[in-house]
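This report refers to the structure that appears directly beneath it.
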Amino acid sequence: MAEPRRTRAFALLFAVLTWIGLAPDPERPGAGPRGMSDRVMASRGFIPPGAPLKPPPPPQPREGAVSVGFDSLAGFPFAAESGTVPDAIRRLDGRMVEVLGVMYFAVPDPARVTEFFLMPDHAVCCFGTPRLNQIVEVTLPEGEATEYVLDYYLVRGRLQIGPFFDESGFALCLYRIEDAVVEFMN
């Protein structure tokens, strides 16, 4: 008797969450709640006040660099086990690129950031679990640092395509840029 009651309770909870727009969206795994834009998430307090709600247009890429958006980098299903990356993305491996995104908020010292994860927007960054192809691990050159701000960053550097794992074998991300040049896009 307890099992059907629990099942009904979960069904009711999911129905309420869906009705108010907070249920996970199965069509966009790792993204924000169903149908919630950054603007809606900000109005409900999920994104801090003052955070930019949409990325600025990327500038013209510098000579020798290719502008790559997360719509391309994350525009395909990816699992670390299969490792299938479209040829158009695979051809970017080793190329100088520019990627626009936000810094994942979990940094040890917000005033002196030397490495961070770049993600498409605040919904992916701060709400839900991003997919591996929605994460770029960024490392600045030795001795250089930037600061954490609630803004979009333009990251320039040589793109490496993984996947990349931590010491324990946990998949961290699909992309990496080392010796990156970072600028705020406000």
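Residue numbering restarts at 1 in every chain; chains get A, B, ... in the order shown in the structure tokens, and ligands count up from 1 in that same order.
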A:Leu159: which residues within 10 Å, counting only C-alpha atoms, same-chain residues fewer than 6 positions away excluded, as a ChimeraX atom specification? /A:92-99,136-138,175-178,180
Mind checking which residues fall within 12 Å of A:Thr139, counting only C-alpha atoms, ignoring those fewer than 4 positions away in the same chain, and posting them as a list of chain:residue names?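 Listed by chain and then number, they are A:Met103, A:Val113, A:Thr114, A:Glu115, A:Phe116, A:Phe117, A:Leu118, A:Gly143, A:Glu144, A:Ala145, A:Thr146, A:Val155, A:Arg156, A:Gly157, A:Arg158, A:Leu159, A:Gln160, A:Tyr175, A:Arg176, A:Ile177, A:Glu178, A:Asp179, A:Ala180, A:Val181, A:Val182.
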Length of the atom CA of A:Glu81 to atom CA of A:Arg131 vector [Å]: 13.2 Å
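Counting from atom CA of A:Ala123, the distance to atom CA of A:Tyr104 is 10.7 Å.
Near A:Ala74, within a cut-off of 9 Å and counting only C-alpha atoms, sit the residues Pro120, Arg131, Leu132, Asn133, Gln134 and Ile135 of chain A, with same-chain residues fewer than 6 positions away left out.
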